[in-house]
Number of protein chains: 8
Amino acid sequence: MREPRLPEVPVDNADGFTLARLDIGREARCGAPEAVFAQGKTDADTLAIAERLVEQQGHALVTRAGPEAMRLLRERWPGLREAAHAGIALVGAPPPREHAGRWVAVAAAGTSDLPVAEEAAMTLESLGVEARIIADIGVAGLHRLLAQVETLRRAAVVIAVAGMEGALPSVMSGLMAAPVIAVPTSVGYGAHLGGLTAMLGMLGSCSPGISVVNIDNGFGAAVAAARIVANERRLAAT
Amino acid sequence: MREPRLPEVPVDNADGFTLARLDIGREARCGAPEAVFAQGKTDADTLAIAERLVEQQGHALVTRAGPEAMRLLRERWPGLREAAHAGIALVGAPPPREHAGRWVAVAAAGTSDLPVAEEAAMTLESLGVEARIIADIGVAGLHRLLAQVETLRRAAVVIAVAGMEGALPSVMSGLMAAPVIAVPTSVGYGAHLGGLTAMLGMLGSCSPGISVVNIDNGFGAAVAAARIVANERRLAAT
Amino acid sequence: MREPRLPEVPVDNADGFTLARLDIGREARCGAPEAVFAQGKTDADTLAIAERLVEQQGHALVTRAGPEAMRLLRERWPGLREAAHAGIALVGAPPPREHAGRWVAVAAAGTSDLPVAEEAAMTLESLGVEARIIADIGVAGLHRLLAQVETLRRAAVVIAVAGMEGALPSVMSGLMAAPVIAVPTSVGYGAHLGGLTAMLGMLGSCSPGISVVNIDNGFGAAVAAARIVANERRLAAT
Amino acid sequence: MREPRLPEVPVDNADGFTLARLDIGREARCGAPEAVFAQGKTDADTLAIAERLVEQQGHALVTRAGPEAMRLLRERWPGLREAAHAGIALVGAPPPREHAGRWVAVAAAGTSDLPVAEEAAMTLESLGVEARIIADIGVAGLHRLLAQVETLRRAAVVIAVAGMEGALPSVMSGLMAAPVIAVPTSVGYGAHLGGLTAMLGMLGSCSPGISVVNIDNGFGAAVAAARIVANERRLAAT
Amino acid sequence: MREPRLPEVPVDNADGFTLARLDIGREARCGAPEAVFAQGKTDADTLAIAERLVEQQGHALVTRAGPEAMRLLRERWPGLREAAHAGIALVGAPPPREHAGRWVAVAAAGTSDLPVAEEAAMTLESLGVEARIIADIGVAGLHRLLAQVETLRRAAVVIAVAGMEGALPSVMSGLMAAPVIAVPTSVGYGAHLGGLTAMLGMLGSCSPGISVVNIDNGFGAAVAAARIVANERRLAAT
Amino acid sequence: MREPRLPEVPVDNADGFTLARLDIGREARCGAPEAVFAQGKTDADTLAIAERLVEQQGHALVTRAGPEAMRLLRERWPGLREAAHAGIALVGAPPPREHAGRWVAVAAAGTSDLPVAEEAAMTLESLGVEARIIADIGVAGLHRLLAQVETLRRAAVVIAVAGMEGALPSVMSGLMAAPVIAVPTSVGYGAHLGGLTAMLGMLGSCSPGISVVNIDNGFGAAVAAARIVANERRLAAT
Amino acid sequence: MREPRLPEVPVDNADGFTLARLDIGREARCGAPEAVFAQGKTDADTLAIAERLVEQQGHALVTRAGPEAMRLLRERWPGLREAAHAGIALVGAPPPREHAGRWVAVAAAGTSDLPVAEEAAMTLESLGVEARIIADIGVAGLHRLLAQVETLRRAAVVIAVAGMEGALPSVMSGLMAAPVIAVPTSVGYGAHLGGLTAMLGMLGSCSPGISVVNIDNGFGAAVAAARIVANERRLAAT
Amino acid sequence: MREPRLPEVPVDNADGFTLARLDIGREARCGAPEAVFAQGKTDADTLAIAERLVEQQGHALVTRAGPEAMRLLRERWPGLREAAHAGIALVGAPPPREHAGRWVAVAAAGTSDLPVAEEAAMTLESLGVEARIIADIGVAGLHRLLAQVETLRRAAVVIAVAGMEGALPSVMSGLMAAPVIAVPTSVGYGAHLGGLTAMLGMLGSCSPGISVVNIDNGFGAAVAAARIVANERRLAAT
């Protein structure tokens with residue numbers, strides 16, 4: 001098979017060993033640039049990769065960063081935007097907002113689900129998409145959700161973030177026609193199984209039209225939502 | 001340890017082997033008589049035990065009966081009350097209804113959950129408690145539930161039967177003050193895990209005040225509800 | 001809480017018992033009408049509900065129907081459209097196709113995944129959305145997928161159906177910018193865990209932008225895709 | 001759908017972002033006020049929410065608080081009531097005891113299960129219900145349980161707290177007619193699976209009449225028990 | 001490594017292919033002869049192996065036989081001893097009873113657990129050990145167990161067979177000093193997980209001194225019990 | 001990305017729909033031709049694909065075929081080679097044997113594991129590699145294995161097939177230097193979890209040098225073994 | 001039911017609250033005295049209970065103690081016997097050794113399994129039974145086990161401790177006639193699932209005659225072994 | 001059974017207790033010497049065993065060492081080779097490289113998978129086999145992998161290391177004929193289940209010819225690869 005020649009930017013360490021190959025063409029190909037997934041990387045590698053990404057594309061999003069990596073990022077890029085609880089940071093110059101008038105609603109069932117909602121919101125921002133967080137509208141007090149329904153119906157996409165039994169997306173999806181992306185969170189204990197119960201419940205929902213991402217994966221939900229927001233423009237360009 | 005002498009009625013087979021020891025004192029002690037759990041028993045043993053229970057207490061409830069056992073029960077007790085889908089039958093003379101004015105609401109999220117709701121209702125009836133089934137009020141179309149809230153608030157206990165993600169009890173429990181007993185059902189597929197997902201979700205609910213029984217266990221929910229209905233009378237008698 | 005008054009059409013049995021409450025307003029509210037989930041329902045109830053839905057909205061989609069239910073549906077509505085392997089049937093007059101020029105690609109990793117792809121395609125059709133199935137492009141022979149990339153890039157949404165390790169959506173999502181909805185299938189054995197492995201792998205994918213529905217849930221993926229296809233029109237109308 | 005107008009008290013942060021919406025009507029609607037679930041919240045948010053709840057209803061129950069949150073609560077409300085091991089605190093003026101003569105038995109199988117029993121007892125107290133803990137009556141030394149049976153039979157509700165194989169509720173439920181709410185605990189190791197084994201065993205109990213809450217969820221068991229204690233008064237008022 | 005030369009009797013098929021290697025020395029080495037585990041074998045292979053075992057040692061125990069294999073065994077050895085529900089048969093001349101005055105109690109929690117108890121009893125008999133089944137003494141009606149305690153204390157070993165939550169061995173082990181071997185059964189549903197819950201509960205029991213065998217493994221429990229019964233004689237001979 | 005042009009042979013149905021795309025270049029690329037995985041395919045599709053494969057490459061291996069598919073294959077290709085229990089058939093002219101003097105040992109722990117061993121052996125044969133099955137050498141009678149060690153040490157690769165606890169590969173790998181591929185089987189019950197326990201045990205083995213394939217996957221083990229047998233020739237040709 | 005009057009020694013805290021009820025009759029009834037399970041207890045409670053047990057029976061065994069509890073025990077009872085890695089301590093005067101000439105072999109598959117073997121050995125000692133540890137005889141180097149077979153055959157009971165795939169008991173049980181009690185350990189990673197894999201493998205062993213205790217439960221294995229060692233004396237006394 | 005006399009070197013502690021039995025014959029028998037698995041061992045035991053291995057065979061590989069053990073190893077053998085992140089060290093004089101011209105490719109899907117790749121590479125080196133790591137070629141940016149295909153095809157064996165959904169080995173195995181050994185890693189979160197999802201996906205791969213080792217088990221993959229590299233020499237010597 002002939003190998004395609006796509007842009008690939010190597011990040012080498014001091015020994016000349018190639019520890020990462022930046023996929024600089026991803027934004028053109030997939031609509032969203034590479035981000036740095038910090039889990040399992042040394043802090044030095046995380047920084048080196050972020051540095052190179054900023055060089056190439058002006059900014060970089062770092063996710064799943066531990067406290068020490070966050071500290072180093074702040075030191076290197078004072079004034080970066082971050083959601084410390086969520087271990088996420090946006091370094092370099094954020095891109096301008098696009099898709100005027102289109103925004104994504106990020107609904108959080110409880111206050112404890114906010115870090116994941118913030119991960120989604122910051123990721124959307126890094127992609128030039130407006131995000132609005134609506135917090136604490138879980139189903140235990142249904143009137144709080146019902147009071148927001150009219151607002152939610154005006155969103156381009158709804159990201160529904162919920163832990164515990166994760167019932168929020170089922171109820172929301174039955175109340176509106178927007179695409180609903182469900183994000184289970186690890187908030188809960190015991191039978192919650194670290195978020196698996198919420199995730200499985202969302203997948204088995206009685207309300208069709210919901211699709212689901214990994215536990216606490218605000219980042220992935222945001223990328224999926226941004227693809228939907230950009231869809232009309234992409235199709236017009238095809 | 002000195003052994004207590006409680007009433008115990010042996011059921012022997014032709015060889016004189018004691019295959020069951022009926023706990024005739026259970027009603028006095030626990031408020032509900034023994035029932036016959038047919039799973040894993042030969043049909044002959046199920047019938048022999050039911051026969052002896054009817055002798056002792058006038059009626060018997062048989063649960064988890066297969067089609068052949070149901071056929072034999074019908075043959076032996078023509079006109080018995082049954083919910084064939086649920087594999088449950090009430091043979092002999094049903095007890096009179098007690099606890100005037102107190103009734104248990106059995107809410108079913110979907111039409112597919114009806115067999116479990118019927119198991120609960122028939123069990124309640126076998127205990128002299130009135131049951132009212134309210135079907136197809138799942139959360140995908142919330143207005144169907146909201147339309148029943150006033151009715152449900154007048155119930156002594158609410159049994160909430162739901163499969164799939166099992167969100168119904170969470171939403172109900174946040175709308176009313178009655179004790180809510182949640183029954184997960186095996187209706188669903190894939191991520192539903194045969195009902196485990198609904199069960200775990202109900203246990204991890206964000207609405208406090210819910211307690212949960214086993215998957216498809218309409219029988220157990222009914223016995224628990226009957227204990228609550230009878231509670232005031234029991235305490236007055238203490 | 002004051003109860004809203006939304007259209008709700010009861011389906012009663014011979015005894016006057018309300019076994020279902022049709023959510024006739026769902027299409028207006030959520031963009032897709034109610035379907036009949038046949039699992040766990042008696043065949044009589046399935047038919048009664050389908051009958052009433054056809055009365056109300058001209059057609060009805062029945063999913064998860066067993067062979068006997070399929071036979072009864074064919075008897076009642078000769079010439080219905082069906083995918084027998086998938087237990088899905090569309091009875092009554094199908095709606096006209098809308099969203100001209102927008103179509104959904106339904107990619108199936110292997111020939112064995114076709115029933116689920118067909119469930120998705122028939123559901124899309126019942127919602128007036130064009131679907132094109134592209135079969136047998138799994139990652140074991142990558143050139144088969146690469147040969148379809150240009151075609152797939154022109155789709156409004158991509159539904160990626162795969163069993164076994166479920167790697168197809170990860171690879172596809174890295175090759176194109178369309179929204180990708182992943183459907184794990186129960187094709188496989190052993191470590192496949194009835195589709196759970198494919199489902200979990202899709203959720204944990206290294207390619208962001210994927211969202212996932214339940215195992216074998218072609219229906220749910222189609223409803224989610226249809227919401228995306230209809231999104232621009234919905235937002236313009238807001 | 002018309003939105004109901006129920007009392008909702010926002011808690012905003014310094015930026016004017018609404019991080020919580022207090023459900024002040026919950027006590028009237030459901031019989032128990034909102035509590036603060038501290039897991040996943042910043043300590044600042046936990047305090048802000050507790051503060052606002054005390055303002056609104058005179059006291060607040062905080063559950064799942066970590067050591068630092070407990071320290072801050074003690075600093076803010078010196079003399080609060082707490083069960084430090086259980087991470088639970090009751091701040092503000094506790095409500096008066098109601099339901100004279102009715103009390104809830106909180107039975108703990110082993111001394112190691114005491115923190116969960118204390119969470120249940122303190123929650124009951126916060127709801128104005130009397131609780132009595134009876135510790136270390138697990139089934140390995142049956143006479144310890146049998147010695148308490150007469151006492152337990154006088155309780156309005158029995159909460160049975162047990163780890164390991166969780167056999168206590170099965171045995172208790174067969175000895176008395178009170179409603180039994182089972183609480184599995186995370187006490188155990190290996191095959192105990194962090195409490196899942198006890199939880200599943202309680203759900204699959206051979207003694208009907210038991211209902212179950214989440215692992216270590218003394219709080220939820222207490223709210224369920226309080227609903228039962230208040231049931232007669234609620235029904236009389238309907 | 002030099003290979004030991006132990007007695008090994010090949011069973012060949014018509015093509016001269018060696019499909020089994022009978023371990024004729026196992027009784028001398030381990031105290032119990034080989035049995036035929038029929039699951040996964042063709043009926044022809046099962047019969048050929050049983051035939052050869054009877055030739056070598058006078059009798060053979062066949063376990064996990066399906067209905068057709070049972071029919072063939074009955075045809076070949078009319079008058080064999082069997083427990084058809086348990087899929088177990090003892091063909092050829094059973095060995096004489098040994099260990100005078102020592103017997104094993106096989107306690108079954110419910111009537112539904114009898115097939116497993118019978119598998120244990122028949123296996124013991126095939127090893128020359130006396131077995132006595134005591135049925136239906138589960139913990140939901142504790143007095144039934146307490147009434148048998150004095151009898152059980154005289155057994156050499158107690159095999160405790162229980163499904164559902166499997167609490168029987170915990171309670172028994174706390175009442176007597178005999179070695180207790182727990183056998184979980186697959187009797188139950190839902191949270192019972194096909195017997196896993198009972199098995200895990202027995203392993204995590206609060207009563208020490210219990211050891212556990214596989215689900216429904218009456219055979220294995222019997223072999224373990226027979227080793228204990230024979231222990232004194234074995235040690236005297238060392 | 002420019003698409004490579006690799007040989008791809010479509011299989012179309014009567015409507016011109018492409019239901020499969022045969023990867024005719026796989027043998028050249030990967031060393032083994034495509035096989036037909038029959039699970040989830042209609043019998044008609046299975047036959048059509050096999051037919052086309054025989055046309056293209058002279059023979060075809062069909063795996064996971066049900067009884068009806070086996071019957072149709074026999075009808076179409078009388079005299080095919082098959083292992084009916086394993087649902088595997090080799091149709092058309094089998095390839096000549098290659099790699100003279102190199103053979104693969106397929107060791108089966110018990111007679112019940114033979115179908116999986118036969119799947120491995122027939123797959124090897126379809127790839128031109130000699131296979132020798134050595135049956136019933138499980139670890140419960142260690143001398144049976146030790147008697148085969150010298151033979152096994154002469155094999156090019158050892159495939160170790162075992163159900164239940166799956167200990168055979170661990171013991172074998174510690175006795176010889178050949179590459180050992182472990183195949184867990186679904187032979188067992190209860191704690192065996194349909195083969196998962198054997199599979200997990202093999203993966204966690206204390207003997208390094210073992211690699212593992214899916215449960216009952218004799219086919220995959222054979223393809224992996226054939227790659228090793230062909231390795232020297234492949235490398236010499238590079 | 002009349003309550004039996006068995007010896008029960010309360011341990012009260014400063015407030016007069018009874019936090020434990022010592023089962024002083026357990027040794028007479030079950031052959032082994034109560035031990036202190038420290039997990040989940042405050043260090044103060046652990047010490048108070050140990051203190052009271054020493055008063056009553058001269059010594060006490062404390063299991064699952066954390067480092068701080070171990071430090072406090074050492075401070076209170078200088079010179080206690082302990083296995084610090086195993087979190088086990090024997091305080092007070094150990095009982096004299098009984099059962100002359102009878103000893104229990106505690107075999108450990110690897111050096112990493114030693115803490116669990118030591119827990120078993122120290123427990124046996126606390127019960128007056130001699131224990132001999134034989135370390136590092138796992139199946140990866142079979143000759144190490146074979147070299148110990150003659151020794152092991154002279155043991156009254158064999159406790160086989162193994163992590164990873166846990167194959168040791170299967171192999172041992174096929175080589176000797178002693179009762180074999182298998183103890184899975186948490187030594188391993190990944191597919192080992194914290195010891196579950198070893199545990200499940202031991203339960204599903206192909207060698208009958210093995211019984212199993214919980215993961216890392218050297219204590220429970222020792223109590224079970226001691227019951228077997230004491231069996232002849234117990235039966236003679238009946 | 002006569003015991004074979006194989007070389008076994010005891011490691012005793014100060015009390016003369018044999019805590020390990022070095023299997024010095026393993027290299028001759030199995031092609032790879034014993035390594036020290038440090039998990040669960042005291043640091044003192046780890047060092048004593050490493051010391052004795054170096055004495056016997058010139059070098060020793062220590063795996064799964066914690067930070068303190070690593071520190072002690074460095075102190076004792078300054079200048080040792082190590083991959084600190086992977087907790088692996090090679091002490092003593094490494095063996096010369098053998099198998100000229102044959103090398104093993106160790107492909108890592110992401111930078112976060114490097115520690116496991118390094119464990120594999122260092123193990124191969126300790127066995128005298130050349131290893132080349134190729135990092136960050138995961139399937140999200142397929143061109144990075146395709147650019148390496150020609151290189152990978154020249155490797156004797158390919159070790160494919162991947163976390164998340166673990167799709168890399170499936171794609172690689174379809175592109176080349178080398179034996180592929182898949183290593184799932186614990187890189188990921190939520191639905192990743194600590195690496196189980198990647199592991200199960202690799203086992204259920206649609207590309208035949210893959211075999212799998214435990215999560216993060218670079219060591220085991222390397223030993224299996226080395227057996228394949230040495231295979232031709234071994235067979236020639238037979």
# chains A, B, ... in the order shown; residues from 1 in each chain; ligands from 1

$ residues_around --residues "Cys30 (chain H)" --least-positions-apart "5" --cutoff "9 Å" --atoms "only C-alpha atoms" --output "PDB file with N, CA and C atoms, in the first residue's frame"
ATOM      1  N   SER F 173       4.204 -23.845  29.723  1.00  0.00           N
ATOM      2  CA  SER F 173       5.174 -22.810  29.376  1.00  0.00           C
ATOM      3  C   SER F 173       6.404 -22.891  30.267  1.00  0.00           C
ATOM      4  N   GLY F 174       6.231 -23.395  31.482  1.00  0.00           N
ATOM      5  CA  GLY F 174       7.363 -23.549  32.387  1.00  0.00           C
ATOM      6  C   GLY F 174       8.189 -24.790  32.104  1.00  0.00           C
ATOM      7  N   LEU F 175       7.736 -25.616  31.185  1.00  0.00           N
ATOM      8  CA  LEU F 175       8.436 -26.877  30.901  1.00  0.00           C
ATOM      9  C   LEU F 175       9.145 -26.876  29.551  1.00  0.00           C
ATOM     10  N   MET F 176       8.917 -25.834  28.735  1.00  0.00           N
ATOM     11  CA  MET F 176       9.502 -25.881  27.390  1.00  0.00           C
ATOM     12  C   MET F 176       9.743 -24.463  26.873  1.00  0.00           C
ATOM     13  N   ALA F 177      10.499 -24.371  25.773  1.00  0.00           N
ATOM     14  CA  ALA F 177      10.913 -23.066  25.239  1.00  0.00           C
ATOM     15  C   ALA F 177      10.149 -22.653  23.994  1.00  0.00           C
ATOM     16  N   ALA F 178       9.252 -23.490  23.516  1.00  0.00           N
ATOM     17  CA  ALA F 178       8.488 -23.137  22.323  1.00  0.00           C
ATOM     18  C   ALA F 178       7.546 -21.975  22.616  1.00  0.00           C
ATOM     19  N   GLY F 209       5.804 -15.672  28.716  1.00  0.00           N
ATOM     20  CA  GLY F 209       6.024 -16.263  27.400  1.00  0.00           C
ATOM     21  C   GLY F 209       4.760 -16.791  26.765  1.00  0.00           C
TER      22      GLY F 209
ATOM     23  N   GLY H  25      17.471 -23.278  36.435  1.00  0.00           N
ATOM     24  CA  GLY H  25      17.412 -24.023  35.171  1.00  0.00           C
ATOM     25  C   GLY H  25      16.440 -23.445  34.163  1.00  0.00           C
ATOM     26  N   ARG H 227      10.845 -15.711  22.423  1.00  0.00           N
ATOM     27  CA  ARG H 227      10.682 -17.127  22.071  1.00  0.00           C
ATOM     28  C   ARG H 227      10.518 -17.283  20.550  1.00  0.00           C
TER      29      ARG H 227
END

$ interface_residues --of "chain A" --to "chain C" --cutoff "9 Å" --atoms "only C-alpha atoms" --output "PyMOL selection string"
chain A and resi 1+26-32+102+143+153-157+173-182+200+202-205+207-215+219-232+234-235+238

$ residues_around --residues "region 107-124 of chain E" --least-positions-apart "5" --cutoff "6 Å" --atoms "only C-alpha atoms" --output "PyMOL selection string"
(chain B and resi 19-20+40-41) or (chain E and resi 85-86+129+131+133-138+160-162+216+218-219+222)

$ write_last_selection --atoms "N, CA, C and O atoms" --output "PDB file, in the first residue's frame"
ATOM      1  N   LEU B  19     -39.454 -32.872  51.837  1.00  0.00           N
ATOM      2  CA  LEU B  19     -38.892 -31.976  50.832  1.00  0.00           C
ATOM      3  C   LEU B  19     -39.164 -30.509  51.116  1.00  0.00           C
ATOM      4  O   LEU B  19     -38.525 -29.632  50.545  1.00  0.00           O
ATOM      5  N   ALA B  20     -40.116 -30.237  51.996  1.00  0.00           N
ATOM      6  CA  ALA B  20     -40.344 -28.846  52.386  1.00  0.00           C
ATOM      7  C   ALA B  20     -40.866 -28.812  53.812  1.00  0.00           C
ATOM      8  O   ALA B  20     -41.467 -29.780  54.298  1.00  0.00           O
ATOM      9  N   GLY B  40     -36.910 -23.883  39.899  1.00  0.00           N
ATOM     10  CA  GLY B  40     -36.004 -24.912  40.400  1.00  0.00           C
ATOM     11  C   GLY B  40     -36.712 -26.073  41.067  1.00  0.00           C
ATOM     12  O   GLY B  40     -36.068 -27.048  41.446  1.00  0.00           O
ATOM     13  N   LYS B  41     -38.029 -25.982  41.255  1.00  0.00           N
ATOM     14  CA  LYS B  41     -38.773 -27.093  41.849  1.00  0.00           C
ATOM     15  C   LYS B  41     -39.373 -27.935  40.730  1.00  0.00           C
ATOM     16  O   LYS B  41     -39.743 -27.412  39.685  1.00  0.00           O
TER      17      LYS B  41
ATOM     18  N   HIS E  85     -32.697 -34.718  37.661  1.00  0.00           N
ATOM     19  CA  HIS E  85     -32.669 -33.260  37.667  1.00  0.00           C
ATOM     20  C   HIS E  85     -31.253 -32.708  37.708  1.00  0.00           C
ATOM     21  O   HIS E  85     -30.966 -31.636  37.182  1.00  0.00           O
ATOM     22  N   ALA E  86     -30.397 -33.459  38.380  1.00  0.00           N
ATOM     23  CA  ALA E  86     -29.030 -32.987  38.556  1.00  0.00           C
ATOM     24  C   ALA E  86     -28.130 -33.467  37.441  1.00  0.00           C
ATOM     25  O   ALA E  86     -26.947 -33.111  37.403  1.00  0.00           O
ATOM     26  N   VAL E 129     -19.295 -43.058  51.246  1.00  0.00           N
ATOM     27  CA  VAL E 129     -19.548 -42.240  52.436  1.00  0.00           C
ATOM     28  C   VAL E 129     -21.051 -42.023  52.582  1.00  0.00           C
ATOM     29  O   VAL E 129     -21.735 -41.688  51.617  1.00  0.00           O
ATOM     30  N   ALA E 131     -24.487 -40.170  53.346  1.00  0.00           N
ATOM     31  CA  ALA E 131     -24.956 -38.775  53.279  1.00  0.00           C
ATOM     32  C   ALA E 131     -26.397 -38.707  53.748  1.00  0.00           C
ATOM     33  O   ALA E 131     -27.191 -39.602  53.480  1.00  0.00           O
ATOM     34  N   ILE E 133     -29.596 -35.928  53.620  1.00  0.00           N
ATOM     35  CA  ILE E 133     -30.078 -34.619  53.181  1.00  0.00           C
ATOM     36  C   ILE E 133     -31.087 -34.071  54.180  1.00  0.00           C
ATOM     37  O   ILE E 133     -31.993 -34.780  54.611  1.00  0.00           O
ATOM     38  N   ILE E 134     -30.919 -32.812  54.538  1.00  0.00           N
ATOM     39  CA  ILE E 134     -31.894 -32.124  55.405  1.00  0.00           C
ATOM     40  C   ILE E 134     -32.359 -30.902  54.621  1.00  0.00           C
ATOM     41  O   ILE E 134     -31.602 -29.958  54.420  1.00  0.00           O
ATOM     42  N   ALA E 135     -33.618 -30.942  54.166  1.00  0.00           N
ATOM     43  CA  ALA E 135     -34.081 -29.950  53.193  1.00  0.00           C
ATOM     44  C   ALA E 135     -34.872 -28.819  53.829  1.00  0.00           C
ATOM     45  O   ALA E 135     -35.470 -28.977  54.899  1.00  0.00           O
ATOM     46  N   ASP E 136     -34.856 -27.655  53.143  1.00  0.00           N
ATOM     47  CA  ASP E 136     -35.739 -26.525  53.436  1.00  0.00           C
ATOM     48  C   ASP E 136     -35.549 -25.968  54.843  1.00  0.00           C
ATOM     49  O   ASP E 136     -36.508 -25.812  55.601  1.00  0.00           O
ATOM     50  N   ILE E 137     -34.319 -25.623  55.159  1.00  0.00           N
ATOM     51  CA  ILE E 137     -34.049 -25.017  56.468  1.00  0.00           C
ATOM     52  C   ILE E 137     -33.386 -23.649  56.300  1.00  0.00           C
ATOM     53  O   ILE E 137     -32.502 -23.256  57.066  1.00  0.00           O
ATOM     54  N   GLY E 138     -33.823 -22.920  55.298  1.00  0.00           N
ATOM     55  CA  GLY E 138     -33.244 -21.599  55.014  1.00  0.00           C
ATOM     56  C   GLY E 138     -33.526 -20.577  56.099  1.00  0.00           C
ATOM     57  O   GLY E 138     -34.422 -20.764  56.927  1.00  0.00           O
ATOM     58  N   ALA E 160     -23.438 -27.118  53.108  1.00  0.00           N
ATOM     59  CA  ALA E 160     -24.578 -26.197  53.179  1.00  0.00           C
ATOM     60  C   ALA E 160     -24.861 -25.663  51.780  1.00  0.00           C
ATOM     61  O   ALA E 160     -24.064 -24.920  51.226  1.00  0.00           O
ATOM     62  N   VAL E 161     -26.006 -26.054  51.237  1.00  0.00           N
ATOM     63  CA  VAL E 161     -26.376 -25.723  49.862  1.00  0.00           C
ATOM     64  C   VAL E 161     -27.421 -24.610  49.888  1.00  0.00           C
ATOM     65  O   VAL E 161     -28.472 -24.768  50.509  1.00  0.00           O
ATOM     66  N   ALA E 162     -27.143 -23.481  49.214  1.00  0.00           N
ATOM     67  CA  ALA E 162     -28.105 -22.371  49.250  1.00  0.00           C
ATOM     68  C   ALA E 162     -27.974 -21.486  48.027  1.00  0.00           C
ATOM     69  O   ALA E 162     -26.874 -21.235  47.548  1.00  0.00           O
ATOM     70  N   ASP E 216     -23.424 -24.637  42.122  1.00  0.00           N
ATOM     71  CA  ASP E 216     -24.094 -25.903  41.783  1.00  0.00           C
ATOM     72  C   ASP E 216     -23.149 -27.097  41.831  1.00  0.00           C
ATOM     73  O   ASP E 216     -23.488 -28.177  41.341  1.00  0.00           O
ATOM     74  N   GLY E 218     -22.224 -29.641  43.631  1.00  0.00           N
ATOM     75  CA  GLY E 218     -22.425 -30.638  44.672  1.00  0.00           C
ATOM     76  C   GLY E 218     -21.359 -31.717  44.606  1.00  0.00           C
ATOM     77  O   GLY E 218     -20.900 -32.219  45.643  1.00  0.00           O
ATOM     78  N   PHE E 219     -20.937 -32.036  43.408  1.00  0.00           N
ATOM     79  CA  PHE E 219     -19.885 -33.041  43.214  1.00  0.00           C
ATOM     80  C   PHE E 219     -18.597 -32.639  43.943  1.00  0.00           C
ATOM     81  O   PHE E 219     -18.036 -33.410  44.726  1.00  0.00           O
ATOM     82  N   ALA E 222     -18.769 -32.725  47.668  1.00  0.00           N
ATOM     83  CA  ALA E 222     -18.759 -34.096  48.190  1.00  0.00           C
ATOM     84  C   ALA E 222     -17.342 -34.662  48.204  1.00  0.00           C
ATOM     85  O   ALA E 222     -16.939 -35.334  49.164  1.00  0.00           O
TER      86      ALA E 222
END

$ atom_distance --atom1 "CA of Pro10 (chain A)" --atom2 "CA of Ile24 (chain A)"
10.1 Å

$ residues_around --residues "Thr63 (chain C)" --least-positions-apart "5" --cutoff "7 Å" --atoms "only C-alpha atoms" --output "list in words"
Val36, Phe37, Ala38, Gly87, Ile88 and Ala89 of chain C

$ atom_distance --atom1 "CA of Leu196 (chain E)" --atom2 "CA of Val187 (chain F)"
17.4 Å

$ residues_around --residues "Gln56 (chain D)" --least-positions-apart "5" --cutoff "10 Å" --atoms "only C-alpha atoms" --output "list in words"
Val9, Leu22, Ile24, Ala50 and Glu51 of chain D
